[in-house]
Structures are given as C-alpha cells and as structure tokens.
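Peer 1: This is upload_12.cif (mmCIF, C-alpha atoms).
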```
data_model
loop_
_atom_site.label_atom_id
_atom_site.label_comp_id
_atom_site.auth_asym_id
_atom_site.auth_seq_id
_atom_site.Cartn_x
_atom_site.Cartn_y
_atom_site.Cartn_z
CA MET N 808 -93.70 49.01 -90.32
CA ASP N 809 -92.08 47.14 -93.15
CA TYR N 810 -88.67 48.19 -94.44
CA ARG N 811 -85.70 46.73 -96.32
CA TYR N 812 -83.42 44.39 -94.31
CA LYS N 813 -85.98 44.21 -91.49
CA LYS N 814 -85.08 40.61 -90.59
CA LEU N 815 -81.33 41.39 -90.56
CA VAL N 816 -81.85 44.46 -88.37
CA GLU N 817 -84.01 42.52 -85.91
CA ASP N 818 -81.47 39.69 -85.71
CA ALA N 819 -78.56 42.15 -85.32
CA LYS N 820 -80.48 44.05 -82.64
CA SER N 821 -81.00 40.78 -80.74
CA GLY N 822 -77.22 40.21 -80.72
CA SER N 823 -76.49 38.11 -83.80
CA THR N 824 -72.93 38.78 -84.93
CA ARG N 825 -73.58 37.14 -88.28
CA ALA N 826 -76.58 39.39 -88.96
CA THR N 827 -74.53 42.47 -88.04
CA GLN N 828 -71.74 41.42 -90.41
CA ASP N 829 -74.22 40.75 -93.22
CA LEU N 830 -75.90 44.11 -92.68
CA ILE N 831 -72.53 45.92 -92.77
CA GLY N 832 -71.69 44.04 -95.98
CA LYS N 833 -74.94 45.15 -97.59
CA LEU N 834 -74.31 48.76 -96.51
CA GLU N 835 -70.75 48.92 -97.93
CA PRO N 836 -71.75 51.03 -100.97
CA LEU N 837 -73.32 53.55 -98.60
CA ILE N 838 -70.18 53.55 -96.44
CA TYR N 839 -67.83 54.14 -99.39
CA SER N 840 -70.11 56.85 -100.75
CA ALA N 841 -69.93 58.72 -97.42
CA ILE N 842 -66.15 58.25 -97.25
CA GLY N 843 -65.76 59.54 -100.82
CA ARG N 844 -67.67 62.70 -99.99
CA CYS N 845 -65.91 63.50 -96.75
CA LYS N 846 -62.45 61.90 -96.93
CA ASN N 847 -60.52 65.15 -96.33
CA GLY N 848 -57.06 63.60 -96.07
CA ARG N 849 -57.99 60.81 -93.65
CA ASP N 850 -57.10 57.16 -94.17
CA ARG N 851 -59.84 55.32 -96.04
CA GLU N 852 -59.58 52.18 -93.88
CA ASP N 853 -59.82 54.18 -90.65
CA LEU N 854 -62.97 55.87 -91.90
CA TYR N 855 -64.40 52.49 -92.93
CA GLN N 856 -63.85 51.15 -89.41
CA GLU N 857 -65.47 54.26 -87.94
CA ALA N 858 -68.46 53.79 -90.26
CA CYS N 859 -68.82 50.17 -89.07
CA ILE N 860 -68.90 51.39 -85.48
CA LEU N 861 -71.52 53.97 -86.46
CA ILE N 862 -73.64 51.21 -88.04
CA MET N 863 -73.42 49.05 -84.91
CA GLU N 864 -74.48 52.01 -82.77
CA ALA N 865 -77.31 52.75 -85.21
CA ILE N 866 -78.53 49.15 -84.94
CA LYS N 867 -78.59 49.46 -81.15
CA ASP N 868 -80.34 52.86 -81.22
CA PHE N 869 -82.84 52.10 -84.00
CA ASP N 870 -86.49 52.23 -82.95
CA GLU N 871 -88.97 51.24 -85.63
CA ASP N 872 -91.85 52.76 -83.63
CA ARG N 873 -90.62 56.20 -84.71
CA GLY N 874 -91.72 55.47 -88.28
CA VAL N 875 -88.31 56.06 -89.91
CA PRO N 876 -87.00 53.27 -92.18
CA PHE N 877 -83.69 51.74 -91.06
CA LEU N 878 -81.84 52.71 -94.26
CA ALA N 879 -82.74 56.40 -93.84
CA PHE N 880 -81.75 56.26 -90.17
CA VAL N 881 -78.40 54.57 -90.78
CA LYS N 882 -77.62 56.75 -93.82
CA ASN N 883 -77.89 59.92 -91.74
CA ARG N 884 -75.80 58.37 -88.97
CA ILE N 885 -73.04 57.40 -91.40
CA TYR N 886 -72.92 60.64 -93.39
CA TYR N 887 -73.01 62.93 -90.37
CA GLY N 888 -70.68 60.70 -88.37
CA ILE N 889 -68.03 60.59 -91.13
CA HIS N 890 -68.48 64.31 -91.78
CA ASN N 891 -67.89 65.13 -88.11
CA LEU N 892 -64.80 62.92 -87.99
CA THR N 893 -63.22 64.46 -91.07
CA ARG N 894 -63.93 68.08 -90.26
CA LYS N 895 -61.89 67.91 -87.06
CA ASN N 896 -58.69 67.86 -89.15
CA HIS N 897 -56.92 65.01 -87.37
CA TYR N 898 -53.73 65.26 -89.35
CA GLU N 899 -50.83 63.37 -87.87
CA ILE N 900 -47.41 64.65 -88.76
CA SER N 901 -44.29 62.74 -87.92
CA LEU N 902 -41.51 64.93 -86.61
CA ASP N 903 -38.96 62.46 -87.97
CA GLN N 904 -40.27 62.43 -91.55
CA PRO N 905 -37.99 64.34 -93.96
CA LEU N 906 -39.51 67.58 -95.21
CA TRP N 907 -37.50 67.71 -98.42
CA GLU N 908 -35.83 64.83 -100.18
CA GLU N 909 -32.65 66.81 -100.99
CA ASP N 910 -31.37 67.67 -97.53
CA GLY N 911 -33.23 65.20 -95.28
CA GLN N 912 -34.16 67.95 -92.81
CA THR N 913 -37.02 66.97 -90.50
CA MET N 914 -39.66 68.97 -88.65
CA LEU N 915 -37.83 68.09 -85.43
CA ASP N 916 -34.74 69.88 -86.75
CA LEU N 917 -36.77 73.07 -87.21
CA LEU N 918 -38.17 73.15 -83.69
CA GLU N 919 -36.37 75.49 -81.35
CA ASP N 920 -35.19 73.96 -78.09
CA LYS N 921 -36.16 76.39 -75.37
CA GLY N 922 -35.20 74.01 -72.62
CA GLU N 923 -32.09 74.25 -70.55
CA GLY N 924 -29.11 72.36 -71.92
CA MET N 925 -26.85 70.18 -69.84
CA GLU N 926 -24.11 72.81 -69.60
CA GLU N 927 -26.55 75.54 -68.54
CA GLY N 928 -28.01 73.23 -65.90
CA ILE N 929 -24.59 72.47 -64.46
CA ILE N 930 -23.64 76.15 -64.38
CA ARG N 931 -26.98 77.06 -62.76
CA GLU N 932 -26.46 74.38 -60.08
CA GLU N 933 -22.93 75.67 -59.38
CA ILE N 934 -24.22 79.23 -59.02
CA LEU N 935 -27.04 78.10 -56.72
CA ASP N 936 -24.59 76.06 -54.64
CA SER N 937 -22.29 79.08 -54.33
CA LEU N 938 -25.26 81.26 -53.43
CA ARG N 939 -26.28 78.78 -50.71
CA LYS N 940 -22.75 78.77 -49.31
CA GLY N 941 -22.69 82.57 -49.49
CA MET N 942 -26.01 82.78 -47.63
CA GLU N 943 -24.57 80.50 -44.92
CA SER N 944 -21.66 82.92 -44.46
CA LEU N 945 -24.05 85.83 -43.75
CA THR N 946 -25.12 86.86 -40.28
CA GLN N 947 -28.72 86.17 -39.24
CA LYS N 948 -29.64 89.86 -39.63
CA GLN N 949 -28.12 90.00 -43.14
CA LYS N 950 -29.99 86.82 -44.15
CA GLU N 951 -33.28 88.28 -42.96
CA VAL N 952 -32.74 91.47 -44.97
CA ILE N 953 -31.71 89.61 -48.17
CA ILE N 954 -34.52 87.05 -47.92
CA GLY N 955 -37.07 89.71 -47.00
CA HIS N 956 -36.22 92.03 -49.87
CA TYR N 957 -35.09 89.76 -52.72
CA PHE N 958 -37.15 86.64 -52.10
CA GLU N 959 -40.27 87.93 -50.35
CA GLY N 960 -40.40 91.29 -52.17
CA LYS N 961 -40.54 93.49 -49.08
CA LYS N 962 -39.41 97.11 -49.24
CA PHE N 963 -36.41 98.14 -47.14
CA LYS N 964 -38.62 100.61 -45.29
CA ASP N 965 -41.00 97.78 -44.29
CA ILE N 966 -38.11 95.57 -43.18
CA ALA N 967 -36.85 98.43 -41.00
CA ILE N 968 -40.29 98.85 -39.43
CA ASP N 969 -40.61 95.09 -38.79
CA ARG N 970 -37.14 94.92 -37.18
CA GLN N 971 -37.66 98.22 -35.35
CA VAL N 972 -34.41 99.67 -36.67
CA HIS N 973 -33.50 102.70 -38.75
CA TYR N 974 -33.87 102.52 -42.54
CA LYS N 975 -30.12 103.22 -43.02
CA THR N 976 -29.26 100.25 -40.77
CA VAL N 977 -31.19 97.93 -43.10
CA LEU N 978 -29.40 99.40 -46.14
CA ARG N 979 -25.97 98.88 -44.50
CA LEU N 980 -26.89 95.25 -43.67
CA LYS N 981 -27.94 94.74 -47.29
CA ASP N 982 -24.71 96.30 -48.65
CA ARG N 983 -22.49 94.10 -46.45
CA ALA N 984 -24.50 91.00 -47.37
CA ILE N 985 -24.26 91.74 -51.10
CA LYS N 986 -20.50 92.29 -50.78
CA LYS N 987 -20.07 88.88 -49.10
CA LEU N 988 -22.28 87.17 -51.71
CA ARG N 989 -20.30 88.76 -54.57
CA GLU N 990 -17.06 87.50 -53.05
CA GLU N 991 -18.53 83.98 -52.77
CA LEU N 992 -19.89 84.03 -56.33
CA GLY N 993 -16.65 85.57 -57.64
CA ASN N 994 -14.90 82.28 -56.82
CA LEU N 995 -16.70 80.53 -59.69
#
```
Go ahead and express the file in the form of structure tokens.

Peer 2:
Amino acid sequence: MDYRYKKLVEDAKSGSTRATQDLIGKLEPLIYSAIGRCKNGRDREDLYQEACILIMEAIKDFDEDRGVPFLAFVKNRIYYGIHNLTRKNHYEISLDQPLWEEDGQTMLDLLEDKGEGMEEGIIREEILDSLRKGMESLTQKQKEVIIGHYFEGKKFKDIAIDRQVHYKTVLRLKDRAIKKLREELGNL
C-alpha cells in the first residue's frame, strides 16, 4: 500500500530518531488542530508533548497490512488521545495562590483543620497518663471489671457470670473503681 510519508514512517519504525522528529514536525498542524479542539483549560505545551508521545506510539503500533493509511491512523490516535486527556479535568490548584487580590486570602486559609492541635495533644496525653496511673491504683478485680465493661464492651451481667460472682458485687467493684479514677483524674 502506498501512502503519504511512507518512507519516513518506515524509517521511524526501524528506530531512526531523525525520521521520527521529521514526522512529528510534518504532523504539527494536525497536533495543534487537535489541541485547539480539546484544550479545556490544559497547558498547550503539555498537550503538545502528550501528542508527540501518541505519535511515537502510533508509529510503533502502525501496521500497513491492515489497509489504513498512516495519516488516518495517527489522526485518530491524536484526536482521541488528546480528547481523553482533556476530559479527565486535571486541574491543578495551588493552595497557596491568593483567591482575591484585595485580601490575599488563600485556599489553604479556608480549609478547616480537623486535626488535633498541640495543646489538645498535650492535654490528651496528660489525661491518658493520669488514667494509666489511676488504673495502676485499682485492685486486680476492679481492673478486670473496668477493662471488661468499658474497653471490651461486656455487660455487667456477663462479667458476673464469668467471675462467678453476684451481679451486685460487680457493680460495687465498678463504683469503687470509678471513684478512685475520678480522684486520680481530679488532680489534673
């Protein structure tokens, strides 16, 4: 089959860098036409580079035995490739770029910080430390009741069955343990 730029395509397919560059140069109007149709807010130079990559892939994939001329094959590759790139809406927004010229407020200023601040972290660590000390001051039976109910989610009735004691005994152990923990945490 005979088609336009056949010699350049054959040389580029065989690995000639010069032939590939010449072919890309000859296809520049086609590239810029595709970019003009599908730009959609993307950088023109980035799209040009993507189109060059698409052309190099098209050269590698082109098979003249299929009966399709190279220009028709590469045109479809470029148009659909650029279209697919631009429809993904790859907008990059800098969080440090001012939103309005008057006040200089940035997108970063508008984002709510849901993380724990330094002061909250210190307070939380102090409370946890006091809670650990309070747990150390409890008897073994009180620890088992507190850990079983508050940390493992067991019901007092189930704790009583496991320990083979009366339900009221478990409640009294819990009450005494809570009283000791409150005293320890009250020292903060």

Peer 1: Give me the residues near Ala841 of chain N as a list in words, where near means some atom within 8 Å (using all atoms listed in the file) and where sequence neighbours in that chain fewer than 4 positions away do not count.

Peer 2: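 Once the adjacent positions are removed, what remains is Leu837, Cys845, Ile885, Tyr886 and Ile889 of chain N.
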
Peer 1: Can those selected residues be exported to a file as a PDB file, in the frame of the given file so that it contains C-alpha atoms?

Peer 2:
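Writing done, so here's out.pdb:
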```
ATOM      1  CA  LEU N 837     -73.320  53.550 -98.600  1.00  0.00           C
ATOM      2  CA  CYS N 845     -65.910  63.500 -96.750  1.00  0.00           C
ATOM      3  CA  ILE N 885     -73.040  57.400 -91.400  1.00  0.00           C
ATOM      4  CA  TYR N 886     -72.920  60.640 -93.390  1.00  0.00           C
ATOM      5  CA  ILE N 889     -68.030  60.590 -91.130  1.00  0.00           C
TER       6      ILE N 889
END
```

Peer 1: For atom CA of Lys813 of chain N and atom CA of Pro876 of chain N, quote the distance in Å rounded to one decimal.

Peer 2: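 Result for atom CA of Lys813 of chain N versus atom CA of Pro876 of chain N: 9.1 Å, one decimal.
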
Peer 1: For atom CA of Ile954 of chain N and atom CA of Ile966 of chain N, quote the distance in Å rounded to one decimal.

Peer 2: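 If I compute the distance from atom CA of Ile954 of chain N to atom CA of Ile966 of chain N, I get 10.4 Å.
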
Peer 1: Expanded to explicit residues, what is the PyMOL selection byres ((chain N and resi 863-866) around 12) for this file, as a compact mmCIF listing (two decimals) with C-alpha atoms, in the frame of the given file?

Peer 2:
```
# COMPACT_ATOMS: atom_id res chain seq x y z
CA TYR N 812 -83.42 44.39 -94.31
CA LYS N 813 -85.98 44.21 -91.49
CA LEU N 815 -81.33 41.39 -90.56
CA VAL N 816 -81.85 44.46 -88.37
CA GLU N 817 -84.01 42.52 -85.91
CA ASP N 818 -81.47 39.69 -85.71
CA ALA N 819 -78.56 42.15 -85.32
CA LYS N 820 -80.48 44.05 -82.64
CA SER N 821 -81.00 40.78 -80.74
CA GLY N 822 -77.22 40.21 -80.72
CA SER N 823 -76.49 38.11 -83.80
CA THR N 824 -72.93 38.78 -84.93
CA ALA N 826 -76.58 39.39 -88.96
CA THR N 827 -74.53 42.47 -88.04
CA GLN N 828 -71.74 41.42 -90.41
CA ASP N 829 -74.22 40.75 -93.22
CA LEU N 830 -75.90 44.11 -92.68
CA ILE N 831 -72.53 45.92 -92.77
CA LEU N 834 -74.31 48.76 -96.51
CA GLN N 856 -63.85 51.15 -89.41
CA GLU N 857 -65.47 54.26 -87.94
CA ALA N 858 -68.46 53.79 -90.26
CA CYS N 859 -68.82 50.17 -89.07
CA ILE N 860 -68.90 51.39 -85.48
CA LEU N 861 -71.52 53.97 -86.46
CA ILE N 862 -73.64 51.21 -88.04
CA LYS N 867 -78.59 49.46 -81.15
CA ASP N 868 -80.34 52.86 -81.22
CA PHE N 869 -82.84 52.10 -84.00
CA ASP N 870 -86.49 52.23 -82.95
CA GLU N 871 -88.97 51.24 -85.63
CA PRO N 876 -87.00 53.27 -92.18
CA PHE N 877 -83.69 51.74 -91.06
CA LEU N 878 -81.84 52.71 -94.26
CA ALA N 879 -82.74 56.40 -93.84
CA PHE N 880 -81.75 56.26 -90.17
CA VAL N 881 -78.40 54.57 -90.78
CA LYS N 882 -77.62 56.75 -93.82
CA ASN N 883 -77.89 59.92 -91.74
CA ARG N 884 -75.80 58.37 -88.97
CA ILE N 885 -73.04 57.40 -91.40
CA GLY N 888 -70.68 60.70 -88.37
```

Peer 1: Quick one: residues within 7 Å of segment 930-947 of chain N, all atoms listed in the file, excluding same-chain residues fewer than 2 positions away - as a ChimeraX atom specification?

Peer 2: /N:926-928,949-951,984,987-988,991-992
